[in-house]
Amino acid sequence: MTTISIRLNDQDKKALDEMCDEMGMSLSTFFTIYAKRALRDRKIPFEVTAPADPFYSESNMRALAESEQQARDGKVIVKTMEELEALANA
């Protein structure tokens, strides 16, 4: 047997303790069940997702498509870095 230390904020620890108590198990049993399920299924026993990248939001994709169309239509202004710096310093 080995011992593992897990950091939880006080509120989450209290809520998890209460939930486990209602189920008639200890925190140690809870984490053992979790680990055994992960090992048996070879995956985390719930879906882990991240928020969508805002770059790919619907409004940004529309703006990018519009910019691409403007470039295809020749409605762009091309400046060198030196020209941009001169404008910024003017």
# chains A, B, ... in the order shown; residues from 1 in each chain; ligands from 1
>>> residues_around(residues="segment 23-40 of chain A", least_positions_apart="5", cutoff="10 Å", atoms="only C-alpha atoms", output="number ranges by chain")
A: 3-4, 13, 16-18, 45-46
>>> write_last_selection(atoms="C-alpha atoms", output="PDB file, in the first residue's frame")
ATOM      1  CA  THR A   3      -0.139   6.955   0.598  1.00  0.00           C
ATOM      2  CA  ILE A   4      -1.074   9.763  -1.793  1.00  0.00           C
ATOM      3  CA  LYS A  13     -13.079  18.781   0.661  1.00  0.00           C
ATOM      4  CA  LEU A  16     -16.785  15.618  -0.954  1.00  0.00           C
ATOM      5  CA  ASP A  17     -16.562  14.335   2.633  1.00  0.00           C
ATOM      6  CA  GLU A  18     -20.312  14.885   3.053  1.00  0.00           C
ATOM      7  CA  PRO A  45     -14.188   7.944 -16.048  1.00  0.00           C
ATOM      8  CA  PHE A  46     -15.798  11.190 -17.230  1.00  0.00           C
TER       9      PHE A  46
END
>>> select_by_dssp(residues="chain A", states="helix (DSSP H, G or I)", output="ChimeraX atom specification")
/A:10-22,27-41,54-56,58-72,81-89
